[in-house]
Structures are given as structure tokens and as C-alpha cells.
$ cat final39.pdb   # PDB, C-alpha atoms, pLDDT in the B column
ATOM      1  CA  MET A  16      43.322  77.345  73.116  1.00 62.00           C
ATOM      2  CA  ASN A  17      46.906  76.128  73.547  1.00 87.00           C
ATOM      3  CA  ASN A  18      48.473  75.108  76.811  1.00 91.00           C
ATOM      4  CA  VAL A  19      52.169  75.855  77.201  1.00 93.00           C
ATOM      5  CA  GLN A  20      54.493  74.802  80.000  1.00 95.00           C
ATOM      6  CA  THR A  21      57.568  76.925  80.687  1.00 96.00           C
ATOM      7  CA  THR A  22      60.244  77.089  83.349  1.00 97.00           C
ATOM      8  CA  GLY A  23      62.121  79.795  85.186  1.00 97.00           C
ATOM      9  CA  CYS A  24      65.353  79.510  87.146  1.00 98.00           C
ATOM     10  CA  LEU A  25      65.740  81.536  90.329  1.00 97.00           C
ATOM     11  CA  LEU A  26      69.490  81.836  90.901  1.00 96.00           C
ATOM     12  CA  ILE A  27      70.669  83.654  94.015  1.00 93.00           C
ATOM     13  CA  ARG A  28      74.349  84.172  94.793  1.00 92.00           C
ATOM     14  CA  SER A  29      75.661  86.442  97.567  1.00 91.00           C
ATOM     15  CA  ASN A  30      72.131  87.807  98.102  1.00 92.00           C
ATOM     16  CA  LYS A  31      71.838  88.788  94.430  1.00 95.00           C
ATOM     17  CA  VAL A  32      69.505  87.360  91.799  1.00 97.00           C
ATOM     18  CA  LEU A  33      70.478  86.732  88.170  1.00 97.00           C
ATOM     19  CA  LEU A  34      68.296  88.474  85.578  1.00 98.00           C
ATOM     20  CA  LEU A  35      68.610  88.516  81.806  1.00 98.00           C
ATOM     21  CA  LYS A  36      67.642  91.065  79.184  1.00 97.00           C
ATOM     22  CA  LEU A  37      67.134  89.490  75.767  1.00 95.00           C
ATOM     23  CA  LYS A  38      68.076  91.450  72.658  1.00 96.00           C
ATOM     24  CA  GLY A  39      65.129  93.501  71.413  1.00 94.00           C
ATOM     25  CA  LYS A  40      63.337  93.466  74.788  1.00 94.00           C
ATOM     26  CA  ASP A  41      63.215  96.212  77.378  1.00 95.00           C
ATOM     27  CA  ILE A  42      62.502  93.994  80.374  1.00 96.00           C
ATOM     28  CA  TRP A  43      64.576  91.810  82.657  1.00 98.00           C
ATOM     29  CA  GLU A  44      63.580  88.200  83.204  1.00 97.00           C
ATOM     30  CA  LEU A  45      64.638  84.967  84.846  1.00 97.00           C
ATOM     31  CA  PRO A  46      66.552  82.402  82.804  1.00 98.00           C
ATOM     32  CA  GLY A  47      64.245  79.681  81.507  1.00 96.00           C
ATOM     33  CA  GLY A  48      62.299  78.476  78.525  1.00 94.00           C
ATOM     34  CA  VAL A  49      59.560  76.335  77.048  1.00 94.00           C
ATOM     35  CA  VAL A  50      59.217  72.696  78.096  1.00 96.00           C
ATOM     36  CA  ASN A  51      59.123  70.409  75.043  1.00 93.00           C
ATOM     37  CA  SER A  52      56.718  67.464  75.080  1.00 88.00           C
ATOM     38  CA  ASN A  53      59.536  64.928  75.475  1.00 91.00           C
ATOM     39  CA  THR A  54      61.334  66.797  78.272  1.00 93.00           C
ATOM     40  CA  GLU A  55      60.682  66.985  82.011  1.00 96.00           C
ATOM     41  CA  PRO A  56      60.496  70.517  83.497  1.00 97.00           C
ATOM     42  CA  GLU A  57      63.553  69.864  85.685  1.00 97.00           C
ATOM     43  CA  GLN A  58      65.635  68.921  82.661  1.00 97.00           C
ATOM     44  CA  ALA A  59      64.235  71.835  80.616  1.00 97.00           C
ATOM     45  CA  VAL A  60      65.121  74.486  83.205  1.00 97.00           C
ATOM     46  CA  LEU A  61      68.699  73.236  83.536  1.00 97.00           C
ATOM     47  CA  GLN A  62      69.176  73.060  79.762  1.00 97.00           C
ATOM     48  CA  ALA A  63      67.698  76.534  79.187  1.00 97.00           C
ATOM     49  CA  THR A  64      69.785  78.052  81.974  1.00 97.00           C
ATOM     50  CA  LYS A  65      72.966  76.474  80.575  1.00 97.00           C
ATOM     51  CA  SER A  66      72.243  77.590  77.013  1.00 97.00           C
ATOM     52  CA  LEU A  67      71.318  81.163  78.014  1.00 97.00           C
ATOM     53  CA  THR A  68      73.972  81.775  80.677  1.00 97.00           C
ATOM     54  CA  GLY A  69      76.655  79.104  80.390  1.00 97.00           C
ATOM     55  CA  LEU A  70      75.991  78.257  84.054  1.00 96.00           C
ATOM     56  CA  ASP A  71      75.643  74.706  85.391  1.00 96.00           C
ATOM     57  CA  ALA A  72      72.715  75.214  87.745  1.00 97.00           C
ATOM     58  CA  GLU A  73      71.526  72.542  90.156  1.00 97.00           C
ATOM     59  CA  ILE A  74      67.930  72.400  91.356  1.00 98.00           C
ATOM     60  CA  ILE A  75      67.407  72.988  95.070  1.00 97.00           C
ATOM     61  CA  GLN A  76      63.604  72.886  95.010  1.00 97.00           C
ATOM     62  CA  GLN A  77      60.493  73.835  93.093  1.00 97.00           C
ATOM     63  CA  PHE A  78      59.841  77.399  94.213  1.00 96.00           C
ATOM     64  CA  ASP A  79      56.482  78.287  92.656  1.00 95.00           C
ATOM     65  CA  VAL A  80      54.041  77.578  89.845  1.00 96.00           C
ATOM     66  CA  LEU A  81      52.571  80.569  88.025  1.00 94.00           C
ATOM     67  CA  GLY A  82      49.598  80.544  85.669  1.00 94.00           C
ATOM     68  CA  TYR A  83      48.765  83.265  83.166  1.00 90.00           C
ATOM     69  CA  GLN A  84      47.496  84.009  79.661  1.00 89.00           C
ATOM     70  CA  ASP A  85      49.933  84.993  76.904  1.00 85.00           C
ATOM     71  CA  ASN A  86      48.869  85.603  73.293  1.00 86.00           C
ATOM     72  CA  GLY A  87      45.810  83.389  73.663  1.00 89.00           C
ATOM     73  CA  ALA A  88      47.705  80.527  75.300  1.00 90.00           C
ATOM     74  CA  THR A  89      47.350  79.310  78.864  1.00 94.00           C
ATOM     75  CA  VAL A  90      50.850  79.241  80.337  1.00 93.00           C
ATOM     76  CA  GLU A  91      51.959  77.225  83.349  1.00 95.00           C
ATOM     77  CA  GLU A  92      55.410  78.355  84.459  1.00 96.00           C
ATOM     78  CA  ILE A  93      57.299  76.249  86.963  1.00 97.00           C
ATOM     79  CA  ILE A  94      59.912  78.240  88.872  1.00 97.00           C
ATOM     80  CA  PHE A  95      62.840  76.320  90.331  1.00 98.00           C
ATOM     81  CA  GLU A  96      65.228  77.663  92.939  1.00 97.00           C
ATOM     82  CA  CYS A  97      68.698  76.631  91.824  1.00 97.00           C
ATOM     83  CA  SER A  98      72.270  76.805  93.066  1.00 96.00           C
ATOM     84  CA  LEU A  99      75.577  77.118  91.236  1.00 94.00           C
ATOM     85  CA  PRO A 100      79.015  75.623  91.721  1.00 91.00           C
ATOM     86  CA  GLU A 101      81.367  78.109  93.419  1.00 86.00           C
ATOM     87  CA  ASN A 102      83.548  78.960  90.429  1.00 87.00           C
ATOM     88  CA  ASP A 103      80.912  78.878  87.674  1.00 90.00           C
ATOM     89  CA  THR A 104      81.351  81.849  85.319  1.00 92.00           C
ATOM     90  CA  LEU A 105      78.537  83.682  83.554  1.00 95.00           C
ATOM     91  CA  GLN A 106      78.833  83.348  79.759  1.00 96.00           C
ATOM     92  CA  PRO A 107      75.686  84.860  78.192  1.00 96.00           C
ATOM     93  CA  ALA A 108      74.409  83.469  74.869  1.00 97.00           C
ATOM     94  CA  ASP A 109      74.302  85.647  71.748  1.00 97.00           C
ATOM     95  CA  GLU A 110      70.573  86.395  72.187  1.00 96.00           C
ATOM     96  CA  ILE A 111      71.232  87.950  75.613  1.00 97.00           C
ATOM     97  CA  GLU A 112      71.810  91.701  75.522  1.00 97.00           C
ATOM     98  CA  GLU A 113      72.800  91.827  79.176  1.00 97.00           C
ATOM     99  CA  ALA A 114      73.033  89.465  82.150  1.00 97.00           C
ATOM    100  CA  ARG A 115      73.433  90.935  85.629  1.00 97.00           C
ATOM    101  CA  TRP A 116      73.312  90.026  89.282  1.00 97.00           C
ATOM    102  CA  PHE A 117      70.893  92.383  91.074  1.00 97.00           C
ATOM    103  CA  SER A 118      70.277  92.918  94.758  1.00 96.00           C
ATOM    104  CA  LEU A 119      66.576  92.426  95.518  1.00 93.00           C
ATOM    105  CA  GLN A 120      66.206  96.178  95.954  1.00 94.00           C
ATOM    106  CA  GLU A 121      67.882  96.913  92.606  1.00 96.00           C
ATOM    107  CA  ALA A 122      65.755  94.277  90.869  1.00 95.00           C
ATOM    108  CA  LYS A 123      62.556  95.867  92.119  1.00 90.00           C
ATOM    109  CA  GLU A 124      63.602  99.177  90.535  1.00 95.00           C
ATOM    110  CA  VAL A 125      64.030  97.924  86.944  1.00 96.00           C
ATOM    111  CA  ALA A 126      61.454  96.871  84.349  1.00 97.00           C
ATOM    112  CA  LEU A 127      60.718  93.212  85.109  1.00 97.00           C
ATOM    113  CA  ALA A 128      58.759  90.556  83.248  1.00 94.00           C
ATOM    114  CA  GLU A 129      55.540  89.796  85.139  1.00 91.00           C
ATOM    115  CA  ASP A 130      56.731  86.342  86.192  1.00 92.00           C
ATOM    116  CA  ALA A 131      60.031  87.707  87.531  1.00 95.00           C
ATOM    117  CA  ARG A 132      58.150  90.435  89.442  1.00 94.00           C
ATOM    118  CA  ALA A 133      55.834  87.812  90.993  1.00 93.00           C
ATOM    119  CA  VAL A 134      58.730  85.582  92.034  1.00 94.00           C
ATOM    120  CA  LEU A 135      60.860  88.406  93.452  1.00 94.00           C
ATOM    121  CA  SER A 136      57.901  89.757  95.441  1.00 93.00           C
ATOM    122  CA  GLU A 137      57.901  86.448  97.347  1.00 92.00           C
ATOM    123  CA  LEU A 138      61.518  86.957  98.484  1.00 88.00           C
ATOM    124  CA  HIS A 139      62.313  89.026 101.522  1.00 66.00           C
TER     125      HIS A 139
END
$ encode --input "final39.pdb" --output "C-alpha cells"
Amino acid sequence: MNNVQTTGCLLIRSNKVLLLKLKGKDIWELPGGVVNSNTEPEQAVLQATKSLTGLDAEIIQQFDVLGYQDNGATVEEIIFECSLPENDTLQPADEIEEARWFSLQEAKEVALAEDARAVLSELH
């Protein structure tokens, strides 16, 4: 069985959280990606966030670590709470169908990836 390490980036601005919908998917998720063997999770989350959103996130803290099974692999997902420079502008990558800032209430009313649902349930 394979072990996979991934990251997620929790970005909150003006009490809204950034969620992405990838082309061909019907769910919203946090920016993030797979951690390569030669990359630290902190570096991986910042690179994935930049490539998916065009945003220059900065890590505030590790927020959570989630564990789950996905297609026969054991996944460890490290969620980082991140901040953004004031004037950073969202520039979604081609594989992103839509990128939106949601209030926590709005986010709880859309179809969320399981990891995003778990993370958002911890916010008040």
C-alpha cells in the first residue's frame, strides 16, 4: 500500500475562505497538492498555492493533519493556515474552473471535498 503526503492551504481574508473548483470536478477544495520526495511540506504548499492561484501565500502555522484512504493509498494531508500580502490578486491556473472567496456559512452550503469540510468544521 502506498503512502502519500499532501498539503492544503487555508487562506482566510476578510472572514472569507478561498476554495477552488478544478475543471471536471463538482466539488470545492482548498489549494494544495502532493508533496514530492525532495520537497518539504511547507515549500510544497506555497508552490502549489502559487501555481493554482497566482497568490504569494505565507505560512502562519500548521493548522491540522488529516489522515484518510484514497484509491488504496494512505494519505497524510498537512493543512497550513496562510496569509496573503494586502494587494495580492487571484489569478487562477488553467486547470481551475472557478476560484472564489466564501464566507464560512456559504462554504458549508456547497459541495466540499472531505478534507475541506473537515478543516472548515474546525473554524467558528
$ resolve_selection --input "final39.pdb" --expression "the PyMOL selection byres ((chain A and resi 128-131) around 10)" --output "number ranges by chain"
A: 23-25, 34, 36, 41-46, 80-83, 92, 94, 122-123, 125-127, 132-136
$ atom_distance --input "final39.pdb" --atom1 "atom CA of Ala72 of chain A" --atom2 "atom CA of Leu99 of chain A"
4.9 Å
$ resolve_selection --input "final39.pdb" --expression "the PyMOL selection byres ((chain A and resi 115) around 8)" --output "JSON, numbers by chain"
{"A": [33, 34, 35, 113, 114, 116, 117]}
$ write_last_selection --input "final39.pdb" --atoms "C-alpha atoms" --output "PDB file, in the coordinates of the input"
ATOM      1  CA  LEU A  33      70.478  86.732  88.170  1.00 97.00           C
ATOM      2  CA  LEU A  34      68.296  88.474  85.578  1.00 98.00           C
ATOM      3  CA  LEU A  35      68.610  88.516  81.806  1.00 98.00           C
ATOM      4  CA  GLU A 113      72.800  91.827  79.176  1.00 97.00           C
ATOM      5  CA  ALA A 114      73.033  89.465  82.150  1.00 97.00           C
ATOM      6  CA  TRP A 116      73.312  90.026  89.282  1.00 97.00           C
ATOM      7  CA  PHE A 117      70.893  92.383  91.074  1.00 97.00           C
TER       8      PHE A 117
END
$ residues_around --input "final39.pdb" --residues "Ser52 of chain A" --least-positions-apart "3" --cutoff "10 Å" --atoms "all atoms listed in the file" --output "JSON, numbers by chain"
{"A": [19, 20, 49, 55, 56]}
$ write_last_selection --input "final39.pdb" --atoms "C-alpha atoms" --output "PDB file, keeping the file's coordinate frame"
ATOM      1  CA  VAL A  19      52.169  75.855  77.201  1.00 93.00           C
ATOM      2  CA  GLN A  20      54.493  74.802  80.000  1.00 95.00           C
ATOM      3  CA  VAL A  49      59.560  76.335  77.048  1.00 94.00           C
ATOM      4  CA  GLU A  55      60.682  66.985  82.011  1.00 96.00           C
ATOM      5  CA  PRO A  56      60.496  70.517  83.497  1.00 97.00           C
TER       6      PRO A  56
END
$ residues_around --input "final39.pdb" --residues "Gly87 of chain A" --least-positions-apart "2" --cutoff "10 Å" --atoms "all atoms listed in the file" --output "list in words"
Met16, Asn17, Asn18, Tyr83, Gln84, Asp85, Thr89 and Val90 of chain A
$ atom_distance --input "final39.pdb" --atom1 "atom CA of Ile75 of chain A" --atom2 "atom CA of Phe95 of chain A"
7.4 Å
$ atom_distance --input "final39.pdb" --atom1 "atom CA of Lys31 of chain A" --atom2 "atom CA of Ile93 of chain A"
20.6 Å
$ resolve_selection --input "final39.pdb" --expression "the PyMOL selection byres ((chain A and resi 60-68) around 7)" --output "ChimeraX atom specification"
/A:22-24,46-48,56-59,69-72,105-108
$ residues_around --input "final39.pdb" --residues "Glu101 of chain A" --least-positions-apart "3" --cutoff "10 Å" --atoms "all atoms listed in the file" --output "list in words"
Arg28, Ser98 and Thr104 of chain A
$ write_last_selection --input "final39.pdb" --atoms "C-alpha atoms" --output "PDB file, in the coordinates of the input"
ATOM      1  CA  ARG A  28      74.349  84.172  94.793  1.00 92.00           C
ATOM      2  CA  SER A  98      72.270  76.805  93.066  1.00 96.00           C
ATOM      3  CA  THR A 104      81.351  81.849  85.319  1.00 92.00           C
TER       4      THR A 104
END
